[in-house]
>>> print(open('data-v6.txt').read())   # compact mmCIF, C-alpha atoms
# COMPACT_ATOMS: atom_id res chain seq x y z
CA MET A 24 -21.90 87.84 41.08
CA THR A 25 -21.01 84.23 41.70
CA VAL A 26 -23.05 84.21 44.93
CA LEU A 27 -26.16 85.51 43.12
CA THR A 28 -25.74 82.89 40.43
CA ASN A 29 -25.49 80.11 43.05
CA LYS A 30 -28.63 81.41 44.82
CA LYS A 31 -30.59 81.43 41.55
CA THR A 32 -29.39 77.90 40.79
CA ASN A 33 -30.35 76.66 44.24
CA ASN A 34 -33.77 78.32 43.99
CA LYS A 35 -34.33 76.73 40.58
CA THR A 36 -33.29 73.32 41.87
CA PHE A 37 -35.60 73.66 44.88
CA ILE A 38 -38.55 74.66 42.66
CA ASP A 39 -37.86 71.71 40.31
CA ASN A 40 -37.78 69.33 43.27
CA VAL A 41 -41.07 70.70 44.57
CA LYS A 42 -42.66 70.32 41.13
CA GLU A 43 -41.38 66.75 40.88
CA VAL A 44 -42.77 65.87 44.32
CA LEU A 45 -46.14 67.45 43.47
CA ALA A 46 -46.19 65.53 40.18
CA TYR A 47 -45.60 62.24 42.01
CA ILE A 48 -48.29 63.07 44.55
CA GLY A 49 -50.75 63.83 41.75
CA ILE A 50 -49.92 60.63 39.84
CA TYR A 51 -50.20 58.38 42.88
CA SER A 52 -53.40 60.10 43.99
CA VAL A 53 -55.00 59.37 40.63
CA LEU A 54 -53.76 55.75 40.76
CA LEU A 55 -55.18 55.30 44.26
CA ILE A 56 -58.55 56.69 43.17
CA PHE A 57 -58.69 54.34 40.18
CA ALA A 58 -57.59 51.40 42.35
CA PHE A 59 -60.38 52.16 44.82
CA VAL A 60 -62.97 52.45 42.04
CA ILE A 61 -61.86 49.12 40.57
CA LEU A 62 -61.29 47.14 43.76
CA TYR A 63 -64.28 48.27 45.82
CA PRO A 64 -66.88 46.38 43.71
CA VAL A 65 -64.68 43.28 43.91
CA ILE A 66 -64.40 43.57 47.71
CA TRP A 67 -68.14 44.18 47.93
CA ILE A 68 -68.98 41.06 45.90
CA VAL A 69 -66.61 38.92 47.97
CA GLY A 70 -68.07 40.31 51.20
CA SER A 71 -71.61 39.77 49.94
CA SER A 72 -70.88 36.12 49.25
CA PHE A 73 -70.20 35.60 52.97
CA THR A 74 -73.31 37.51 54.14
CA GLU A 75 -75.97 35.42 55.87
CA GLY A 76 -78.95 37.02 54.13
CA SER A 77 -79.97 36.42 50.54
CA SER A 78 -81.20 39.79 49.26
CA LEU A 79 -79.31 42.74 47.83
CA ALA A 80 -80.42 44.91 50.76
CA THR A 81 -78.57 42.76 53.30
CA ALA A 82 -75.36 42.48 51.26
CA THR A 83 -72.34 44.38 52.62
CA ALA A 84 -68.66 44.68 51.75
CA ILE A 85 -67.67 43.63 55.29
CA PRO A 86 -70.18 41.10 56.70
CA ARG A 87 -70.77 41.14 60.45
CA ASN A 88 -71.12 37.38 60.77
CA PRO A 89 -69.23 35.76 57.87
CA SER A 90 -70.66 32.44 56.80
CA LEU A 91 -70.14 29.83 54.08
CA ARG A 92 -73.90 29.22 53.90
CA ASN A 93 -74.24 30.77 50.43
CA TYR A 94 -71.51 28.55 49.00
CA ILE A 95 -73.08 25.44 50.53
CA ARG A 96 -76.53 26.38 49.23
CA LEU A 97 -75.10 27.11 45.80
CA LEU A 98 -73.56 23.66 45.51
CA GLU A 99 -76.47 21.77 47.08
CA GLU A 100 -79.59 23.61 45.88
CA THR A 101 -78.59 24.47 42.32
CA LYS A 102 -76.92 22.72 39.40
CA TYR A 103 -73.85 24.90 39.76
CA LYS A 104 -71.43 21.96 39.52
CA GLN A 105 -73.01 20.85 36.25
CA TRP A 106 -72.93 24.41 34.90
CA TYR A 107 -69.29 24.69 35.91
CA LEU A 108 -68.44 21.39 34.18
CA ASN A 109 -70.29 22.46 31.02
CA THR A 110 -68.43 25.77 30.88
CA LEU A 111 -65.07 24.19 31.65
CA THR A 112 -65.53 21.60 28.89
CA ILE A 113 -66.47 24.26 26.34
CA ALA A 114 -63.57 26.47 27.43
CA VAL A 115 -60.92 23.73 27.18
CA ILE A 116 -62.08 22.48 23.77
CA ASN A 117 -62.45 26.02 22.48
CA MET A 118 -58.93 26.82 23.65
CA GLY A 119 -57.42 23.80 21.88
CA VAL A 120 -59.32 24.29 18.63
CA SER A 121 -58.54 28.03 18.53
CA VAL A 122 -54.81 27.54 19.14
CA VAL A 123 -54.58 24.97 16.33
CA LEU A 124 -56.62 27.00 13.83
CA THR A 125 -55.11 30.43 14.46
CA GLY A 126 -51.58 29.10 14.93
CA THR A 127 -51.55 27.38 11.55
CA MET A 128 -53.43 30.16 9.75
CA GLY A 129 -51.15 32.83 11.19
CA TYR A 130 -48.09 30.87 10.02
CA VAL A 131 -49.54 30.34 6.55
CA PHE A 132 -50.35 34.03 6.02
CA ALA A 133 -47.07 35.22 7.54
CA ARG A 134 -44.64 32.83 5.87
CA LEU A 135 -46.10 31.22 2.75
CA LYS A 136 -46.78 32.76 -0.64
CA PHE A 137 -49.89 31.69 -2.53
CA ALA A 138 -52.55 33.09 -4.84
CA GLY A 139 -55.28 35.03 -3.10
CA LYS A 140 -53.21 35.74 0.02
CA LYS A 141 -53.90 39.48 -0.01
CA PHE A 142 -57.60 38.94 -0.69
CA GLY A 143 -57.78 36.42 2.15
CA LEU A 144 -56.16 38.84 4.60
CA LEU A 145 -58.53 41.62 3.60
CA SER A 146 -61.51 39.28 3.88
CA ILE A 147 -60.73 38.19 7.43
CA LEU A 148 -59.97 41.80 8.33
CA ILE A 149 -63.46 42.81 7.20
CA LEU A 150 -65.03 39.84 8.99
CA GLN A 151 -63.28 40.94 12.16
CA MET A 152 -65.38 44.11 12.19
CA PHE A 153 -68.66 42.22 12.71
CA PRO A 154 -69.40 40.67 16.14
CA SER A 155 -70.79 37.14 16.17
CA PHE A 156 -74.07 38.11 17.86
CA MET A 157 -75.05 40.12 14.75
CA GLY A 158 -75.76 36.82 13.01
CA MET A 159 -77.66 35.18 15.86
CA ILE A 160 -80.77 34.53 13.77
CA ALA A 161 -78.71 32.90 11.03
CA ILE A 162 -76.77 30.90 13.63
CA TYR A 163 -80.01 29.78 15.28
CA VAL A 164 -81.48 28.57 11.96
CA LEU A 165 -78.21 26.85 11.04
CA PHE A 166 -78.02 25.06 14.38
CA LEU A 167 -81.69 24.11 14.11
CA ASN A 168 -81.18 22.51 10.69
CA PHE A 169 -78.14 20.55 11.87
CA GLY A 170 -79.67 19.53 15.20
CA LEU A 171 -77.15 21.48 17.24
CA LEU A 172 -79.59 23.48 19.36
CA ASP A 173 -79.32 22.92 23.11
CA GLN A 174 -75.85 21.38 22.66
CA PRO A 175 -73.17 23.12 24.77
CA LEU A 176 -70.29 21.81 22.65
CA ALA A 177 -71.85 23.45 19.59
CA LEU A 178 -70.90 26.79 21.14
CA VAL A 179 -67.28 25.89 20.43
CA LEU A 180 -68.01 26.36 16.71
CA ILE A 181 -69.02 29.95 17.35
CA TYR A 182 -66.29 30.85 19.82
CA ALA A 183 -63.45 29.24 17.87
CA THR A 184 -64.42 30.41 14.39
CA GLY A 185 -65.64 33.83 15.52
CA GLN A 186 -62.19 34.84 16.79
CA ILE A 187 -60.22 33.44 13.83
CA PRO A 188 -59.92 36.85 12.05
CA TYR A 189 -58.58 38.75 15.06
CA ASN A 190 -56.28 35.97 16.29
CA THR A 191 -54.93 35.29 12.79
CA TRP A 192 -53.87 38.91 12.37
CA LEU A 193 -52.39 38.84 15.86
CA VAL A 194 -50.32 35.71 15.18
CA LYS A 195 -49.30 37.01 11.76
CA GLY A 196 -48.07 40.26 13.31
CA TYR A 197 -46.09 38.32 15.90
CA LEU A 198 -44.41 36.15 13.26
CA LYS A 199 -43.33 39.26 11.37
CA ASN A 200 -40.89 39.83 14.25
CA VAL A 201 -39.40 36.34 13.85
CA PRO A 202 -36.53 36.46 11.28
CA ILE A 203 -37.30 34.71 8.01
CA SER A 204 -33.67 33.58 7.97
CA LEU A 205 -34.58 30.85 10.48
CA ASP A 206 -36.92 29.30 7.92
CA GLU A 207 -34.35 29.63 5.14
CA ALA A 208 -31.65 27.98 7.24
CA ALA A 209 -33.98 25.07 7.97
CA TYR A 210 -34.81 24.69 4.26
CA ILE A 211 -31.10 24.59 3.43
CA ASP A 212 -30.65 21.78 5.97
CA GLY A 213 -33.36 19.81 4.16
CA ALA A 214 -36.35 20.47 6.44
CA THR A 215 -39.83 20.62 4.97
CA LYS A 216 -42.23 23.48 5.65
CA PHE A 217 -44.10 21.36 8.18
CA GLN A 218 -40.88 20.37 9.97
CA THR A 219 -39.77 24.00 10.03
CA PHE A 220 -43.07 25.05 11.53
CA LYS A 221 -43.12 22.25 14.10
CA ARG A 222 -39.51 22.31 15.30
CA ILE A 223 -38.43 25.95 14.85
CA ILE A 224 -41.35 28.36 14.52
CA LEU A 225 -43.85 26.71 16.87
CA PRO A 226 -41.59 26.92 19.97
CA LEU A 227 -40.99 30.61 19.24
CA MET A 228 -44.75 31.19 19.05
CA SER A 229 -45.38 30.14 22.66
CA PRO A 230 -46.02 33.72 23.97
CA ILE A 231 -48.62 34.61 21.35
CA LEU A 232 -50.22 31.15 21.45
CA THR A 233 -50.45 31.43 25.23
CA PHE A 234 -52.26 34.73 24.82
CA VAL A 235 -54.67 33.18 22.32
CA ALA A 236 -55.21 30.14 24.56
CA VAL A 237 -56.00 32.21 27.65
CA THR A 238 -58.32 34.66 25.90
CA GLN A 239 -60.20 31.83 24.19
CA PHE A 240 -60.38 29.88 27.43
CA MET A 241 -61.99 32.89 29.12
CA ALA A 242 -64.64 33.57 26.47
CA PRO A 243 -67.26 30.96 27.55
CA TRP A 244 -67.06 31.93 31.24
CA PHE A 245 -68.43 35.43 30.76
CA ASP A 246 -70.54 35.13 27.60
CA PHE A 247 -74.27 35.36 28.28
CA ILE A 248 -75.95 36.28 24.99
CA LEU A 249 -75.15 33.25 22.83
CA PRO A 250 -75.64 30.52 25.49
CA SER A 251 -78.96 32.02 26.61
CA PHE A 252 -80.07 32.14 22.97
CA LEU A 253 -78.99 28.61 21.99
CA ILE A 254 -79.19 26.58 25.23
CA SER A 255 -82.54 25.88 26.89
CA SER A 256 -82.07 22.84 29.16
CA ASP A 257 -81.23 23.65 32.76
CA GLU A 258 -78.58 20.93 33.05
CA LYS A 259 -76.84 22.12 29.86
CA LYS A 260 -76.58 25.78 30.76
CA THR A 261 -73.28 27.59 31.15
CA LEU A 262 -72.31 29.46 34.30
CA ALA A 263 -73.25 32.91 33.03
CA VAL A 264 -76.78 31.79 32.16
CA GLY A 265 -77.24 29.67 35.27
CA LEU A 266 -76.09 32.39 37.66
CA TYR A 267 -78.29 34.95 35.96
CA GLU A 268 -81.33 32.79 36.67
CA LEU A 269 -80.64 33.18 40.40
CA ILE A 270 -81.42 36.91 40.28
CA ASN A 271 -83.68 37.14 37.26
CA GLY A 272 -87.28 38.11 37.98
CA LEU A 273 -89.15 39.18 41.10
CA ALA A 274 -89.33 35.67 42.52
CA ASN A 275 -85.57 35.07 42.41
CA ASN A 276 -83.81 36.96 45.18
CA ASN A 277 -80.60 35.02 45.64
CA PHE A 278 -78.08 37.79 45.21
CA THR A 279 -75.64 36.59 47.86
CA MET A 280 -75.68 33.12 46.31
CA PHE A 281 -75.05 34.78 42.96
CA ALA A 282 -72.07 36.59 44.54
CA ALA A 283 -70.71 33.27 45.84
CA GLY A 284 -70.92 31.76 42.37
CA SER A 285 -69.16 34.79 40.90
CA VAL A 286 -66.30 34.46 43.37
CA LEU A 287 -65.85 30.78 42.50
CA VAL A 288 -65.60 31.75 38.83
CA ALA A 289 -63.34 34.76 39.29
CA ALA A 290 -60.79 33.15 41.64
CA PRO A 291 -59.30 30.60 39.17
CA VAL A 292 -59.48 33.17 36.38
CA ALA A 293 -57.50 35.70 38.41
CA LEU A 294 -54.88 33.08 39.29
CA LEU A 295 -54.58 32.08 35.65
CA TYR A 296 -53.95 35.65 34.57
CA LEU A 297 -51.50 36.14 37.44
CA PHE A 298 -49.32 33.16 36.55
CA LEU A 299 -49.43 33.80 32.77
CA GLN A 300 -49.11 37.59 32.95
CA LYS A 301 -45.61 37.60 31.42
CA TYR A 302 -46.69 35.62 28.36
CA LEU A 303 -49.89 37.60 27.93
CA VAL A 304 -48.14 40.98 27.89
CA GLU A 305 -45.31 39.73 25.67
CA GLY A 306 -47.67 38.05 23.21
CA LEU A 307 -50.06 40.98 22.93
CA SER A 308 -47.38 43.67 22.59
CA ALA A 309 -45.30 41.69 20.10
CA GLY A 310 -48.33 40.76 18.03
CA ALA A 311 -49.38 44.40 17.77
CA ASN A 312 -46.02 45.67 16.50
CA LYS A 313 -46.54 44.74 12.87
CA GLY A 314 -49.54 43.77 10.80
>>> encode(input="data-v6.txt", output="structure tokens")
Amino acid sequence: MTVLTNKKTNNKTFIDNVKEVLAYIGIYSVLLIFAFVILYPVIWIVGSSFTEGSSLATATAIPRNPSLRNYIRLLEETKYKQWYLNTLTIAVINMGVSVVLTGTMGYVFARLKFAGKKFGLLSILILQMFPSFMGMIAIYVLFLNFGLLDQPLALVLIYATGQIPYNTWLVKGYLKNVPISLDEAAYIDGATKFQTFKRIILPLMSPILTFVAVTQFMAPWFDFILPSFLISSDEKKTLAVGLYELINGLANNNFTMFAAGSVLVAAPVALLYLFLQKYLVEGLSAGANKG
């Protein structure tokens, strides 16, 4: 009887092990498929940037004769450096303005009590539901009246203010996880609200503020709709608009040069995400815990 029981137990253990191995094989197979689907276009774009030809037909993932010709042409024959500088300037200013606005607003709504607080939270929650490009006509007229058309820095107004609702709720949710007792202890020691925010709360907000800074820094690099709508001068264009002009229309057939420009944009962005990955994950997950 004992022998039969041991055989059944061994058979059950063997079947469980086989199921576990098959489960791992299935999981890793799916992950490999998704990795291939995601990485192949990236490899293809990088390979295309080193291809000698200029058309889409000659572009390949693994070029036969790799060359830097497309990168040289991009820097010498286009205003890529000016587009890059325009986008970088907008991104840095937008990042700074957004961190200041959302950091202070998130603290105010999370910590302070004032009349209209609930109405204000509901208002920005409703505003969060509408993307900024829905009001492009109104934005265009407003910029026209204030003389802000064809001004790259004016895009900061849209990027920074457009993400205030989402980022404010994110920062507010993050601060809900910071004990209120820290503020109370500071008040007992004689600190003002501003001193408490600056010396105690602000250092603890570094993960969520890093997330806000990185996401706001990235916005101008990949946005095409608003810059193409509000910027007309070639020397004032952003990278997304300038690169699009290289492949827009039948006369423009500079796909490999477009690929080179894309690689130059994606490389620093990827490195930025790589080095700040810890803060990004921590800030996003902590900010989503409570609302």
>>> residues_around(input="data-v6.txt", residues="Ile181 in chain A", least_positions_apart="6", cutoff="12 Å", atoms="only C-alpha atoms", output="PDB file with C-alpha atoms, in the frame of the given file")
ATOM      1  CA  ILE A 113     -66.470  24.260  26.340  1.00  0.00           C
ATOM      2  CA  ALA A 114     -63.570  26.470  27.430  1.00  0.00           C
ATOM      3  CA  ASN A 117     -62.450  26.020  22.480  1.00  0.00           C
ATOM      4  CA  VAL A 120     -59.320  24.290  18.630  1.00  0.00           C
ATOM      5  CA  SER A 121     -58.540  28.030  18.530  1.00  0.00           C
ATOM      6  CA  PRO A 154     -69.400  40.670  16.140  1.00  0.00           C
ATOM      7  CA  SER A 155     -70.790  37.140  16.170  1.00  0.00           C
ATOM      8  CA  PHE A 156     -74.070  38.110  17.860  1.00  0.00           C
ATOM      9  CA  GLY A 158     -75.760  36.820  13.010  1.00  0.00           C
ATOM     10  CA  MET A 159     -77.660  35.180  15.860  1.00  0.00           C
ATOM     11  CA  ALA A 161     -78.710  32.900  11.030  1.00  0.00           C
ATOM     12  CA  ILE A 162     -76.770  30.900  13.630  1.00  0.00           C
ATOM     13  CA  TYR A 163     -80.010  29.780  15.280  1.00  0.00           C
ATOM     14  CA  LEU A 165     -78.210  26.850  11.040  1.00  0.00           C
ATOM     15  CA  PHE A 166     -78.020  25.060  14.380  1.00  0.00           C
ATOM     16  CA  LEU A 171     -77.150  21.480  17.240  1.00  0.00           C
ATOM     17  CA  PRO A 175     -73.170  23.120  24.770  1.00  0.00           C
ATOM     18  CA  ILE A 187     -60.220  33.440  13.830  1.00  0.00           C
ATOM     19  CA  GLN A 239     -60.200  31.830  24.190  1.00  0.00           C
ATOM     20  CA  ALA A 242     -64.640  33.570  26.470  1.00  0.00           C
ATOM     21  CA  PRO A 243     -67.260  30.960  27.550  1.00  0.00           C
ATOM     22  CA  ASP A 246     -70.540  35.130  27.600  1.00  0.00           C
ATOM     23  CA  LEU A 249     -75.150  33.250  22.830  1.00  0.00           C
ATOM     24  CA  PRO A 250     -75.640  30.520  25.490  1.00  0.00           C
ATOM     25  CA  LEU A 253     -78.990  28.610  21.990  1.00  0.00           C
TER      26      LEU A 253
END
>>> closest_atom_pairs(input="data-v6.txt", of="range 219-256 of chain A", to="range 287-297 of chain A", cutoff="12 Å", atoms="all atoms listed in the file", output="JSON lines")
{"residue": "A:Thr233", "atom": "CA", "partner": "A:Tyr296", "partner_atom": "CA", "distance": 10.8}
{"residue": "A:Phe234", "atom": "CA", "partner": "A:Tyr296", "partner_atom": "CA", "distance": 9.9}
{"residue": "A:Ala236", "atom": "CA", "partner": "A:Leu295", "partner_atom": "CA", "distance": 11.3}
{"residue": "A:Val237", "atom": "CA", "partner": "A:Tyr296", "partner_atom": "CA", "distance": 8.0}
{"residue": "A:Thr238", "atom": "CA", "partner": "A:Tyr296", "partner_atom": "CA", "distance": 9.8}
{"residue": "A:Phe240", "atom": "CA", "partner": "A:Val292", "partner_atom": "CA", "distance": 9.6}
{"residue": "A:Met241", "atom": "CA", "partner": "A:Val292", "partner_atom": "CA", "distance": 7.7}
{"residue": "A:Ala242", "atom": "CA", "partner": "A:Val292", "partner_atom": "CA", "distance": 11.2}
{"residue": "A:Pro243", "atom": "CA", "partner": "A:Val288", "partner_atom": "CA", "distance": 11.4}
{"residue": "A:Trp244", "atom": "CA", "partner": "A:Val288", "partner_atom": "CA", "distance": 7.7}
{"residue": "A:Phe245", "atom": "CA", "partner": "A:Val288", "partner_atom": "CA", "distance": 9.3}
>>> closest_atom_pairs(input="data-v6.txt", of="range 235-308 of chain A", to="range 53-76 of chain A", cutoff="9 Å", atoms="all atoms listed in the file", output="tab-separated table")
residue	atom	partner	partner_atom	distance
A:Asn277	CA	A:Gly76	CA	8.9
A:Phe278	CA	A:Ser71	CA	8.3
A:Thr279	CA	A:Ser72	CA	5.0
A:Met280	CA	A:Ser72	CA	6.4
A:Phe281	CA	A:Ser72	CA	7.7
A:Ala282	CA	A:Ser72	CA	4.9
A:Ala283	CA	A:Ser72	CA	4.4
A:Gly284	CA	A:Ser72	CA	8.1
A:Ser285	CA	A:Ile68	CA	8.0
A:Val286	CA	A:Val69	CA	6.4
>>> write_last_selection(input="data-v6.txt", atoms="C-alpha atoms", output="PDB file, keeping the file's coordinate frame")
ATOM      1  CA  ASN A 277     -80.600  35.020  45.640  1.00  0.00           C
ATOM      2  CA  PHE A 278     -78.080  37.790  45.210  1.00  0.00           C
ATOM      3  CA  THR A 279     -75.640  36.590  47.860  1.00  0.00           C
ATOM      4  CA  MET A 280     -75.680  33.120  46.310  1.00  0.00           C
ATOM      5  CA  PHE A 281     -75.050  34.780  42.960  1.00  0.00           C
ATOM      6  CA  ALA A 282     -72.070  36.590  44.540  1.00  0.00           C
ATOM      7  CA  ALA A 283     -70.710  33.270  45.840  1.00  0.00           C
ATOM      8  CA  GLY A 284     -70.920  31.760  42.370  1.00  0.00           C
ATOM      9  CA  SER A 285     -69.160  34.790  40.900  1.00  0.00           C
ATOM     10  CA  VAL A 286     -66.300  34.460  43.370  1.00  0.00           C
TER      11      VAL A 286
END
>>> closest_atom_pairs(input="data-v6.txt", of="range 110-177 of chain A", to="range 259-270 of chain A", cutoff="8 Å", atoms="only C-alpha atoms", output="JSON lines")
{"residue": "A:Thr110", "atom": "CA", "partner": "A:Thr261", "partner_atom": "CA", "distance": 5.2}
{"residue": "A:Asp173", "atom": "CA", "partner": "A:Lys259", "partner_atom": "CA", "distance": 7.2}
{"residue": "A:Gln174", "atom": "CA", "partner": "A:Lys259", "partner_atom": "CA", "distance": 7.3}
{"residue": "A:Pro175", "atom": "CA", "partner": "A:Lys259", "partner_atom": "CA", "distance": 6.4}
>>> write_last_selection(input="data-v6.txt", atoms="C-alpha atoms", output="compact mmCIF listing (two decimals), in the coordinates of the input")
# COMPACT_ATOMS: atom_id res chain seq x y z
CA THR A 110 -68.43 25.77 30.88
CA ASP A 173 -79.32 22.92 23.11
CA GLN A 174 -75.85 21.38 22.66
CA PRO A 175 -73.17 23.12 24.77
>>> closest_residue(input="data-v6.txt", among="A:Ala214, A:Leu180, A:Ile231, A:Ala133", to="Lys195 in chain A", atoms="only C-alpha atoms")
A:Ala133
>>> residues_around(input="data-v6.txt", residues="range 148-153 of chain A", least_positions_apart="2", cutoff="6 Å", atoms="all atoms listed in the file", output="CSV table (one decimal) with C-alpha atoms, keeping the file's coordinate frame")
chain,number,residue,atom,x,y,z
A,145,LEU,CA,-58.5,41.6,3.6
A,146,SER,CA,-61.5,39.3,3.9
A,188,PRO,CA,-59.9,36.8,12.0
A,189,TYR,CA,-58.6,38.8,15.1
>>> atom_distance(input="data-v6.txt", atom1="CA of Thr219 in chain A", atom2="CA of Tyr182 in chain A")
29.1 Å
>>> residues_around(input="data-v6.txt", residues="Ile147 in chain A", least_positions_apart="5", cutoff="12 Å", atoms="only C-alpha atoms", output="short mmCIF file (atom, residue, chain, number, x, y, z; two decimals) with C-alpha atoms, in the frame of the given file")
data_model
loop_
_atom_site.label_atom_id
_atom_site.label_comp_id
_atom_site.auth_asym_id
_atom_site.auth_seq_id
_atom_site.Cartn_x
_atom_site.Cartn_y
_atom_site.Cartn_z
CA THR A 125 -55.11 30.43 14.46
CA MET A 128 -53.43 30.16 9.75
CA GLY A 129 -51.15 32.83 11.19
CA PHE A 132 -50.35 34.03 6.02
CA LYS A 140 -53.21 35.74 0.02
CA LYS A 141 -53.90 39.48 -0.01
CA PHE A 142 -57.60 38.94 -0.69
CA MET A 152 -65.38 44.11 12.19
CA PHE A 153 -68.66 42.22 12.71
CA THR A 184 -64.42 30.41 14.39
CA GLY A 185 -65.64 33.83 15.52
CA GLN A 186 -62.19 34.84 16.79
CA ILE A 187 -60.22 33.44 13.83
CA PRO A 188 -59.92 36.85 12.05
CA TYR A 189 -58.58 38.75 15.06
CA ASN A 190 -56.28 35.97 16.29
CA THR A 191 -54.93 35.29 12.79
CA TRP A 192 -53.87 38.91 12.37
CA LEU A 193 -52.39 38.84 15.86
#
>>> atom_distance(input="data-v6.txt", atom1="CA of Phe137 in chain A", atom2="CA of Arg222 in chain A")
22.7 Å
>>> atom_distance(input="data-v6.txt", atom1="CA of Val235 in chain A", atom2="CA of Met118 in chain A")
7.8 Å
>>> closest_residue(input="data-v6.txt", among="A:Leu108, A:Ser90, A:Asp39, A:Ala46", to="Glu258 in chain A", atoms="all atoms listed in the file")
A:Leu108
>>> build_atoms(input="data-v6.txt", residues="range 139-154 of chain A", atoms="N, CA, C and O atoms", output="mmCIF file, in the coordinates of the input")
data_model
loop_
_atom_site.group_PDB
_atom_site.id
_atom_site.type_symbol
_atom_site.label_atom_id
_atom_site.label_comp_id
_atom_site.auth_asym_id
_atom_site.auth_seq_id
_atom_site.Cartn_x
_atom_site.Cartn_y
_atom_site.Cartn_z
ATOM 1 N N GLY A 139 -54.147 34.632 -3.917
ATOM 2 C CA GLY A 139 -55.280 35.030 -3.100
ATOM 3 C C GLY A 139 -54.923 35.364 -1.666
ATOM 4 O O GLY A 139 -55.814 35.554 -0.832
ATOM 5 N N LYS A 140 -53.630 35.454 -1.359
ATOM 6 C CA LYS A 140 -53.210 35.740 0.020
ATOM 7 C C LYS A 140 -53.685 37.120 0.470
ATOM 8 O O LYS A 140 -54.239 37.266 1.562
ATOM 9 N N LYS A 141 -53.485 38.122 -0.366
ATOM 10 C CA LYS A 141 -53.900 39.480 -0.010
ATOM 11 C C LYS A 141 -55.408 39.577 0.138
ATOM 12 O O LYS A 141 -55.922 40.199 1.082
ATOM 13 N N PHE A 142 -56.136 38.930 -0.766
ATOM 14 C CA PHE A 142 -57.600 38.940 -0.690
ATOM 15 C C PHE A 142 -58.072 38.234 0.579
ATOM 16 O O PHE A 142 -59.029 38.681 1.233
ATOM 17 N N GLY A 143 -57.402 37.141 0.941
ATOM 18 C CA GLY A 143 -57.780 36.420 2.150
ATOM 19 C C GLY A 143 -57.551 37.254 3.403
ATOM 20 O O GLY A 143 -58.392 37.260 4.312
ATOM 21 N N LEU A 144 -56.438 37.978 3.447
ATOM 22 C CA LEU A 144 -56.160 38.840 4.600
ATOM 23 C C LEU A 144 -57.185 39.962 4.715
ATOM 24 O O LEU A 144 -57.651 40.284 5.807
ATOM 25 N N LEU A 145 -57.527 40.556 3.578
ATOM 26 C CA LEU A 145 -58.530 41.620 3.600
ATOM 27 C C LEU A 145 -59.904 41.085 3.992
ATOM 28 O O LEU A 145 -60.676 41.762 4.689
ATOM 29 N N SER A 146 -60.209 39.875 3.558
ATOM 30 C CA SER A 146 -61.510 39.280 3.880
ATOM 31 C C SER A 146 -61.662 39.041 5.379
ATOM 32 O O SER A 146 -62.676 39.396 5.978
ATOM 33 N N ILE A 147 -60.624 38.449 5.999
ATOM 34 C CA ILE A 147 -60.730 38.190 7.430
ATOM 35 C C ILE A 147 -60.646 39.482 8.230
ATOM 36 O O ILE A 147 -61.178 39.574 9.341
ATOM 37 N N LEU A 148 -59.997 40.504 7.648
ATOM 38 C CA LEU A 148 -59.970 41.800 8.330
ATOM 39 C C LEU A 148 -61.357 42.433 8.353
ATOM 40 O O LEU A 148 -61.778 43.019 9.363
ATOM 41 N N ILE A 149 -62.089 42.290 7.250
ATOM 42 C CA ILE A 149 -63.460 42.810 7.200
ATOM 43 C C ILE A 149 -64.381 42.014 8.113
ATOM 44 O O ILE A 149 -65.222 42.571 8.823
ATOM 45 N N LEU A 150 -64.212 40.691 8.122
ATOM 46 C CA LEU A 150 -65.030 39.840 8.990
ATOM 47 C C LEU A 150 -64.808 40.151 10.468
ATOM 48 O O LEU A 150 -65.704 39.975 11.290
ATOM 49 N N GLN A 151 -63.603 40.612 10.788
ATOM 50 C CA GLN A 151 -63.280 40.940 12.160
ATOM 51 C C GLN A 151 -64.119 42.096 12.691
ATOM 52 O O GLN A 151 -64.311 42.242 13.898
ATOM 53 N N MET A 152 -64.629 42.922 11.800
ATOM 54 C CA MET A 152 -65.380 44.110 12.190
ATOM 55 C C MET A 152 -66.794 43.774 12.663
ATOM 56 O O MET A 152 -67.453 44.606 13.293
ATOM 57 N N PHE A 153 -67.285 42.577 12.373
ATOM 58 C CA PHE A 153 -68.660 42.220 12.710
ATOM 59 C C PHE A 153 -68.683 41.245 13.878
ATOM 60 O O PHE A 153 -68.131 40.145 13.776
ATOM 61 N N PRO A 154 -69.300 41.603 15.001
ATOM 62 C CA PRO A 154 -69.400 40.670 16.140
ATOM 63 C C PRO A 154 -70.303 39.495 15.815
ATOM 64 O O PRO A 154 -71.223 39.608 14.990
#
